[in-house]
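Enquirer: One structure follows; several queries about it will come next.
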Amino acid sequence: MIDNLMDYIQDNRDAVYSLFRRFQETGKNLMLRTDLWDEFTLYCNETDNTSLLDSPLAEAIAHTQEAALVSPWLYLDVRPRVAHWHYLRFHFEAMTLDEVSASQFLFFKESLVTSDPGFRILEIDLTPFERHFPKMTQTRSIGHGVEFLNRRFSSRLGHDLAKGDELILSFLKVHGYGGIPFMINDTIKNMTGLQQALRTGMDFLVGQPDDATWQEVSSSLQAMGFEPGWGRRVDRIIDSFSLLADILEAPDHGALEQFFSRIPMIFNIVILSPHGYFGQENVLGLPDTGGQVVYILDQVRALEKEMRSRIYEQGLDIEPQIIILTRLLPEAGDTTCNQPEEKVSGTKNVKIVRIPFRSKDGAVIPQWISRFEVWPYLERFSLEAEREVMARLGRRPDLIIGNYSDGNLVATLMALRLGVTQCTIAHALEKTKYLYSALYWQEMEEQYHFSCQFTADLIAMNAADFIITSTYQEIAGSDNMVGQYESYSAFTMPGLQRVVSGINVFDPKFNIVSPGADAEVYFPYSDTERRLTGLHTELDDLVFGGGRAESRGVLVDQDKPLIFSMARLDHIKNLTGLVEWYAGNPRLREQTNLLLICGTVNPDNSADNEERAQILRMHALFDEHGLDGQVRWLGMRLDKNLTGELYRYLADRRSAFIQPAFFEAFGLTVIEAMASGLPTFATSYGGPLEIIENGVSGFHINPNHGDQAADIIADFFSRCESEPEHWHALSEGAINRVQSHYTWKRYAKRLLSLTCIYGFWKFATNLDRQETSRYLEMLYHLQFRPLAAAIEKPPRQ
Ligand code: UDP
Ligand code: LCN
């Protein structure tokens with residue numbers, strides 16, 4: 001690329017020089033991809049130099065994510081393909097181009113922000129520690145880490161077994177529960193012994209009835225060296241024996257995955273979700289409280305079911321336990337977040353356990369604290385949480401799952417101390433949500449404390465044994481957009497830290513495991529037998545009724561379809577933007593009413609600054625555009641069943657769901673609406689880009705071009721008027737998409753299999769991981785802790 005570009009520049013010096021002058025004349029020191037491309041095409045058109053549009057330079061500009069300019073230099077970071085980066089610099093006067101390191105590029109960027117960049121700030125580079133770990137090379141493999149590890153391990157195993165490697169043997173010996181060993185005992189001394197025992201075992205078992213239980217054959221099998229865990233019935237035990245025998249003979253990645261998933265390893269799981277209001281009722285829509293809560297509550301139900309079924313199949317009688325650790329909030333309003341323990345409905349043994357945040361002197365913090373300010377409390381929280389978990393389980397958990405930046409940090413601290421497999425789930429990494437959140441972190445520090453958050457993210461994502469994401473784009477983005485994790489690979493926070501290699505998205509720790517929509521609640525509107533028609537009077541009143549304390553606007557023409565949106569009232573969700581699009585599009589106003597469920601209508605009822613600002617903006621838009629007869633805003637939280645029926649109630653009215661966010665990491669509302677059969681228009685920034693196939697199972701809209709988005713929606717309704725089957729086609733497309741791709745059952749199976757395989761991988765590579773672990777510990781103590789301590793506020797008097 002560089003050679004071609006250099007030759008091109010040499011041959012077209014004049015044109016290139018005047019183009020760069022033009023960039024310079026914009027007066028901007030930093031230009032984003034779209035700014036650069038717009039200037040470039042304008043230049044080509046104005047100078048009638050269309051050949052430039054087809055040149056290596058055009059290619060480089062089209063793939064540049066950011067340009068930094070200070071005369072006589074222009075620095076570019078070029079991303080020719082997903083997750084591949086080149087850093088280039090161009091000298092205007094000398095007309096030279098060369099490739100520089102990430103560190104040099106970041107240093108140059110720092111000079112735009114601070115007059116004294118100082119080359120000697122802390123440089124974070126994880127590459128040297130990860131040198132010995134296998135990495136994938138193909139972009140299409142990203143997010144399929146476990147398949148890669150299995151393939152890799154099976155080929156290594158073949159080689160190592162031939163040399164007498166005993167890793168599998170020692171791994172089989174470490175499992176047990178409550179003092180009872182599983183899988184094999186000391187009668188089996190080595191690999192030859194294991195192979196021999198498997199043969200003898202199978203010879204013995206074929207003479208037994210298929211449905212005989214482990215208990216009935218256990219005394220013979222135990223004498224051969226086998227312990228419980230191979231299966232409940234003889235047919236299953238034979239199957240497990242032959243799987244292992246095959247692996248030992250000729251390792252194969254499919255068999256390996258299947259066998260590891262059968263080993264009894266997971267009985268207790270701890271899930272961390274400290275911030276927000278974590279409860280089962282009355283919480284959704286409160287600040288910091290949305291999809292993560294829904295996700296975890298659905299996740300634990302599915303996990304418990306799958307764990308129980310696996311344990312049963314393994315022939316064991318152990319009741320699995322899951323503990324969700326969250327924050328206890330003494331001032332909990334009308335939620336249950338002030339209760340230390342709550343059983344999760346629909347489960348046998350899943351509990352929400354709440355632990356308070358405490359100040360330095362140990363006093364309980366009574367009030368809710370924004371997710372941006374939780375950092376000083378997490379270490380104390382983690383210690384108390386650990387004691388609580390050990391007291392409840394009486395043993396270490398088998399898996400710790402962190403959620404979001406704060407939960408992931410606590411999970412890291414606990415997993416490191418306890419030596420347990422750690423999984424992290426980001427839900428949403430804030431870094432990509434806010435433009436220049438790293439470069440201009442100092443300006444945002446007071447409100448967001450990204451210094452703590454991004455450092456915590458780096459620590460947790462590198463400490464995790466495996467990371468699960470809801471989509472591919474969450475890891476590595478798309479051709480045009482940088483992935484959320486990818487954005488941590490190189491970035492700088494001037495004056496604080498320059499991250500030259502923060503995460504490698506080719507690491508096999510990444511796995512895409514998409515969540516689902518609770519099929520008991522979000523099912524198609526056409527599934528009439530299951531419909532909750534008893535709720536329709538309440539819905540009539542909510543949607544079409546008169547004014548009520550928690551609402552604004554009363555719909556005058558009730559025959560029109562509705563466009564509906566529901567989300568937390570954060571700036572990023574862009575609901576006020578949607579109101580503006582609607583207000584400014586006469587066709588849309590003519591064709592539809594707008595229904596919004598978000599936040600609270602009275603700003604005095606909100607403790608969150610960002611939410612308050614949005615509430616005021618919403619009122620201003622109603623006033624400015626006279627929307628009270630066409631827009632209904634409900635500032636309330638609906639019970640889950642009511643929400644489910646509302647989506648269907650709106651589908652009955654041939655309505656649509658709109659998700660207008662500036663960025664949406666995944667978007668559970670999107671799959672809920674789609675599962676109900678509502679045609680859905682959702683942001684092209686983030687998860688919905690991958691969830692929806694444009695024009696088939698919904699539509700992509702660009703939140704930065706509201707006029708176009710409003711036209712796309714208006715066009716849809718115009719077409720549906722003359723061609724009602726168009727609505728049905730989209731509705732069916734949406735339902736099919738969710739049913740085939742987003743289910744919790746599939747999720748639970750996959751997550752448990754991953755846990756087994758990464759558990760083995762952790763066992764196999766434990767020593768090698770120590771370097772990374774030590775580096776991260778240092779980062780935690782020397783960098784994170786002082787940052788967090790500095791933002792601790794004195795306790796409220
Ligand atoms: N939700 C709700 N009421 C609200 C806002 C949200 O019930 O006022 C639910 C919604 O049904 C979905 C979740 O909260 O299940 C929001 O998840 P999503 O992934 O769309 O967004 P997040 O809030 O996590 O950013
Ligand atoms: C957080 C978000 O912002 C959403 O996009 C996700 O759907 C939700 O968490 C669940 O993962």
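Identifiers in this document derive from the order of the structure tokens: chains are assigned A, B, ..., residues are numbered from 1 separately in each chain, and ligands are numbered from 1 in order of occurrence.
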Using only C-alpha atoms and all ligand atoms, which residues of chain A come within 9 Å of ligand 1, and what is the closest atom pair for each, with the distance in Å to one decimal? Give it as JSON lines, sorted by chain and residue number.
Expert:
{"residue": "A:Asn282", "atom": "CA", "partner": "ligand 1", "partner_atom_place_in_ligand_line": "7 (O)", "distance": 8.9}
{"residue": "A:Val283", "atom": "CA", "partner": "ligand 1", "partner_atom_place_in_ligand_line": "3 (N)", "distance": 8.1}
{"residue": "A:Leu284", "atom": "CA", "partner": "ligand 1", "partner_atom_place_in_ligand_line": "2 (C)", "distance": 4.6}
{"residue": "A:Gly285", "atom": "CA", "partner": "ligand 1", "partner_atom_place_in_ligand_line": "8 (O)", "distance": 3.7}
{"residue": "A:Leu286", "atom": "CA", "partner": "ligand 1", "partner_atom_place_in_ligand_line": "8 (O)", "distance": 7.4}
{"residue": "A:Pro287", "atom": "CA", "partner": "ligand 1", "partner_atom_place_in_ligand_line": "23 (O)", "distance": 8.9}
{"residue": "A:Asp288", "atom": "CA", "partner": "ligand 1", "partner_atom_place_in_ligand_line": "23 (O)", "distance": 7.3}
{"residue": "A:Thr289", "atom": "CA", "partner": "ligand 1", "partner_atom_place_in_ligand_line": "23 (O)", "distance": 6.2}
{"residue": "A:Gly290", "atom": "CA", "partner": "ligand 1", "partner_atom_place_in_ligand_line": "23 (O)", "distance": 3.4}
{"residue": "A:Gly291", "atom": "CA", "partner": "ligand 1", "partner_atom_place_in_ligand_line": "24 (O)", "distance": 3.0}
{"residue": "A:Gln292", "atom": "CA", "partner": "ligand 1", "partner_atom_place_in_ligand_line": "24 (O)", "distance": 5.2}
{"residue": "A:Val293", "atom": "CA", "partner": "ligand 1", "partner_atom_place_in_ligand_line": "13 (C)", "distance": 7.5}
{"residue": "A:Val294", "atom": "CA", "partner": "ligand 1", "partner_atom_place_in_ligand_line": "15 (O)", "distance": 5.3}
{"residue": "A:Tyr295", "atom": "CA", "partner": "ligand 1", "partner_atom_place_in_ligand_line": "15 (O)", "distance": 7.5}
{"residue": "A:His427", "atom": "CA", "partner": "ligand 1", "partner_atom_place_in_ligand_line": "24 (O)", "distance": 7.4}
{"residue": "A:Ala428", "atom": "CA", "partner": "ligand 1", "partner_atom_place_in_ligand_line": "25 (O)", "distance": 7.7}
{"residue": "A:Ala517", "atom": "CA", "partner": "ligand 1", "partner_atom_place_in_ligand_line": "15 (O)", "distance": 8.0}
{"residue": "A:Met566", "atom": "CA", "partner": "ligand 1", "partner_atom_place_in_ligand_line": "5 (C)", "distance": 5.3}
{"residue": "A:Ala567", "atom": "CA", "partner": "ligand 1", "partner_atom_place_in_ligand_line": "5 (C)", "distance": 3.9}
{"residue": "A:Arg568", "atom": "CA", "partner": "ligand 1", "partner_atom_place_in_ligand_line": "5 (C)", "distance": 4.9}
{"residue": "A:Leu569", "atom": "CA", "partner": "ligand 1", "partner_atom_place_in_ligand_line": "5 (C)", "distance": 8.1}
{"residue": "A:Asp570", "atom": "CA", "partner": "ligand 1", "partner_atom_place_in_ligand_line": "25 (O)", "distance": 8.7}
{"residue": "A:Ile572", "atom": "CA", "partner": "ligand 1", "partner_atom_place_in_ligand_line": "25 (O)", "distance": 8.9}
{"residue": "A:Lys573", "atom": "CA", "partner": "ligand 1", "partner_atom_place_in_ligand_line": "25 (O)", "distance": 7.7}
{"residue": "A:Leu596", "atom": "CA", "partner": "ligand 1", "partner_atom_place_in_ligand_line": "8 (O)", "distance": 8.9}
{"residue": "A:Ile597", "atom": "CA", "partner": "ligand 1", "partner_atom_place_in_ligand_line": "8 (O)", "distance": 5.4}
{"residue": "A:Cys598", "atom": "CA", "partner": "ligand 1", "partner_atom_place_in_ligand_line": "8 (O)", "distance": 4.7}
{"residue": "A:Gly599", "atom": "CA", "partner": "ligand 1", "partner_atom_place_in_ligand_line": "8 (O)", "distance": 6.4}
{"residue": "A:Leu634", "atom": "CA", "partner": "ligand 1", "partner_atom_place_in_ligand_line": "8 (O)", "distance": 8.8}
{"residue": "A:Gly635", "atom": "CA", "partner": "ligand 1", "partner_atom_place_in_ligand_line": "8 (O)", "distance": 7.6}
{"residue": "A:Met636", "atom": "CA", "partner": "ligand 1", "partner_atom_place_in_ligand_line": "8 (O)", "distance": 6.5}
{"residue": "A:Arg637", "atom": "CA", "partner": "ligand 1", "partner_atom_place_in_ligand_line": "8 (O)", "distance": 5.1}
{"residue": "A:Leu638", "atom": "CA", "partner": "ligand 1", "partner_atom_place_in_ligand_line": "7 (O)", "distance": 5.9}
{"residue": "A:Asp639", "atom": "CA", "partner": "ligand 1", "partner_atom_place_in_ligand_line": "7 (O)", "distance": 6.9}
{"residue": "A:Lys640", "atom": "CA", "partner": "ligand 1", "partner_atom_place_in_ligand_line": "7 (O)", "distance": 6.2}
{"residue": "A:Thr643", "atom": "CA", "partner": "ligand 1", "partner_atom_place_in_ligand_line": "7 (O)", "distance": 6.4}
{"residue": "A:Gly644", "atom": "CA", "partner": "ligand 1", "partner_atom_place_in_ligand_line": "11 (O)", "distance": 8.0}
{"residue": "A:Gln659", "atom": "CA", "partner": "ligand 1", "partner_atom_place_in_ligand_line": "20 (O)", "distance": 8.4}
{"residue": "A:Glu664", "atom": "CA", "partner": "ligand 1", "partner_atom_place_in_ligand_line": "25 (O)", "distance": 6.8}
{"residue": "A:Ala665", "atom": "CA", "partner": "ligand 1", "partner_atom_place_in_ligand_line": "25 (O)", "distance": 7.4}
{"residue": "A:Phe666", "atom": "CA", "partner": "ligand 1", "partner_atom_place_in_ligand_line": "19 (O)", "distance": 5.9}
{"residue": "A:Gly667", "atom": "CA", "partner": "ligand 1", "partner_atom_place_in_ligand_line": "19 (O)", "distance": 3.8}
{"residue": "A:Leu668", "atom": "CA", "partner": "ligand 1", "partner_atom_place_in_ligand_line": "19 (O)", "distance": 3.7}
{"residue": "A:Thr669", "atom": "CA", "partner": "ligand 1", "partner_atom_place_in_ligand_line": "20 (O)", "distance": 4.0}
{"residue": "A:Val670", "atom": "CA", "partner": "ligand 1", "partner_atom_place_in_ligand_line": "20 (O)", "distance": 6.5}
{"residue": "A:Ile671", "atom": "CA", "partner": "ligand 1", "partner_atom_place_in_ligand_line": "20 (O)", "distance": 8.4}
{"residue": "A:Glu672", "atom": "CA", "partner": "ligand 1", "partner_atom_place_in_ligand_line": "11 (O)", "distance": 7.0}
{"residue": "A:Ala673", "atom": "CA", "partner": "ligand 1", "partner_atom_place_in_ligand_line": "11 (O)", "distance": 8.7}
Enquirer: Contacts of A:Gln447 at 10 Å or less, counting only C-alpha atoms, minus same-chain residues fewer than 4 places along, as a ChimeraX atom specification?
Expert: /A:370,372-373,442-443,609-610
Enquirer: Could you save those same residues with N, CA, C and O atoms as an mmCIF file, in the first residue's frame?
Expert:
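again.cif, freshly written:
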data_model
loop_
_atom_site.group_PDB
_atom_site.id
_atom_site.type_symbol
_atom_site.label_atom_id
_atom_site.label_comp_id
_atom_site.auth_asym_id
_atom_site.auth_seq_id
_atom_site.Cartn_x
_atom_site.Cartn_y
_atom_site.Cartn_z
ATOM 1 N N SER A 370 -24.320 7.338 39.990
ATOM 2 C CA SER A 370 -24.259 7.098 38.542
ATOM 3 C C SER A 370 -23.150 6.095 38.208
ATOM 4 O O SER A 370 -22.120 6.022 38.901
ATOM 5 N N PHE A 372 -20.958 6.287 36.236
ATOM 6 C CA PHE A 372 -19.686 6.951 35.960
ATOM 7 C C PHE A 372 -18.918 7.271 37.242
ATOM 8 O O PHE A 372 -17.790 7.729 37.187
ATOM 9 N N GLU A 373 -19.554 7.041 38.388
ATOM 10 C CA GLU A 373 -18.899 7.441 39.640
ATOM 11 C C GLU A 373 -18.721 6.306 40.640
ATOM 12 O O GLU A 373 -18.439 6.545 41.805
ATOM 13 N N GLN A 442 -9.770 14.710 29.426
ATOM 14 C CA GLN A 442 -9.672 15.679 30.526
ATOM 15 C C GLN A 442 -10.893 16.597 30.575
ATOM 16 O O GLN A 442 -11.390 16.921 31.642
ATOM 17 N N GLU A 443 -11.377 16.978 29.389
ATOM 18 C CA GLU A 443 -12.540 17.867 29.356
ATOM 19 C C GLU A 443 -13.797 17.179 29.875
ATOM 20 O O GLU A 443 -14.733 17.804 30.316
ATOM 21 N N ASN A 609 -28.355 13.798 35.767
ATOM 22 C CA ASN A 609 -28.210 15.061 35.023
ATOM 23 C C ASN A 609 -28.556 14.924 33.551
ATOM 24 O O ASN A 609 -29.245 15.755 32.973
ATOM 25 N N GLU A 610 -28.038 13.841 32.944
ATOM 26 C CA GLU A 610 -28.257 13.671 31.516
ATOM 27 C C GLU A 610 -29.750 13.458 31.243
ATOM 28 O O GLU A 610 -30.310 14.010 30.302
#
Enquirer: Which residue out of A:Thr34, A:Leu779, A:Asp361, A:Ile735 has the minimum interatomic distance to A:Ala460 when only C-alpha atoms are used?
Expert: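 Under the stated criterion, the closest residue is A:Leu779.
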Enquirer: With distances taken over only C-alpha atoms, which of A:Tyr685, A:Phe506, A:Phe763, A:Phe105 is nearest to A:Leu167?
Expert: A:Phe763
Enquirer: Under the rule that only C-alpha atoms are counted, which of A:Val738, A:Leu418, A:Val270, A:Leu776 is the nearest residue to A:Ser514?
Expert: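 The closest residue to A:Ser514 is A:Val738.
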Enquirer: Could you check which of A:Ala607, A:Ile247, A:Leu97, A:Ile311 is closest to A:Ile369, using only C-alpha atoms?
Expert: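 Among A:Ala607, A:Ile247, A:Leu97, A:Ile311, it is A:Ala607 that comes nearest to A:Ile369.
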Enquirer: Looking only at helix (DSSP H, G or I) from DSSP on the backbone, list the matching residues of stretch 355-603 of chain A as JSON, numbers by chain.
Expert: {"A": [371, 372, 373, 375, 376, 377, 378, 379, 380, 381, 382, 383, 384, 385, 386, 387, 388, 389, 390, 391, 392, 393, 404, 405, 406, 407, 408, 409, 410, 411, 412, 413, 414, 415, 416, 417, 418, 430, 431, 432, 441, 442, 443, 444, 445, 446, 447, 448, 450, 451, 452, 453, 454, 455, 456, 457, 458, 459, 460, 461, 462, 463, 472, 473, 474, 475, 476, 486, 487, 488, 528, 529, 530, 533, 534, 535, 536, 537, 538, 539, 540, 541, 542, 543, 544, 571, 572, 573, 575, 576, 577, 578, 579, 580, 581, 582, 583, 586, 587, 588, 589, 590, 591, 603]}
Enquirer: Within 9 Å of stretch 43-46 of chain A, counting only C-alpha atoms, which residues qualify if same-chain residues fewer than 5 places away don't, as a list in words?
Expert: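 Answer for this query is Leu19, Arg22, Asp38, Ser51, Leu52 and Leu53 of chain A.
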Enquirer: Using only C-alpha atoms and all ligand atoms, which of the listed residues (A:Tyr404, A:Phe784, A:Tyr440, A:Phe260) sits closest to ligand 2?
Expert: A:Tyr404
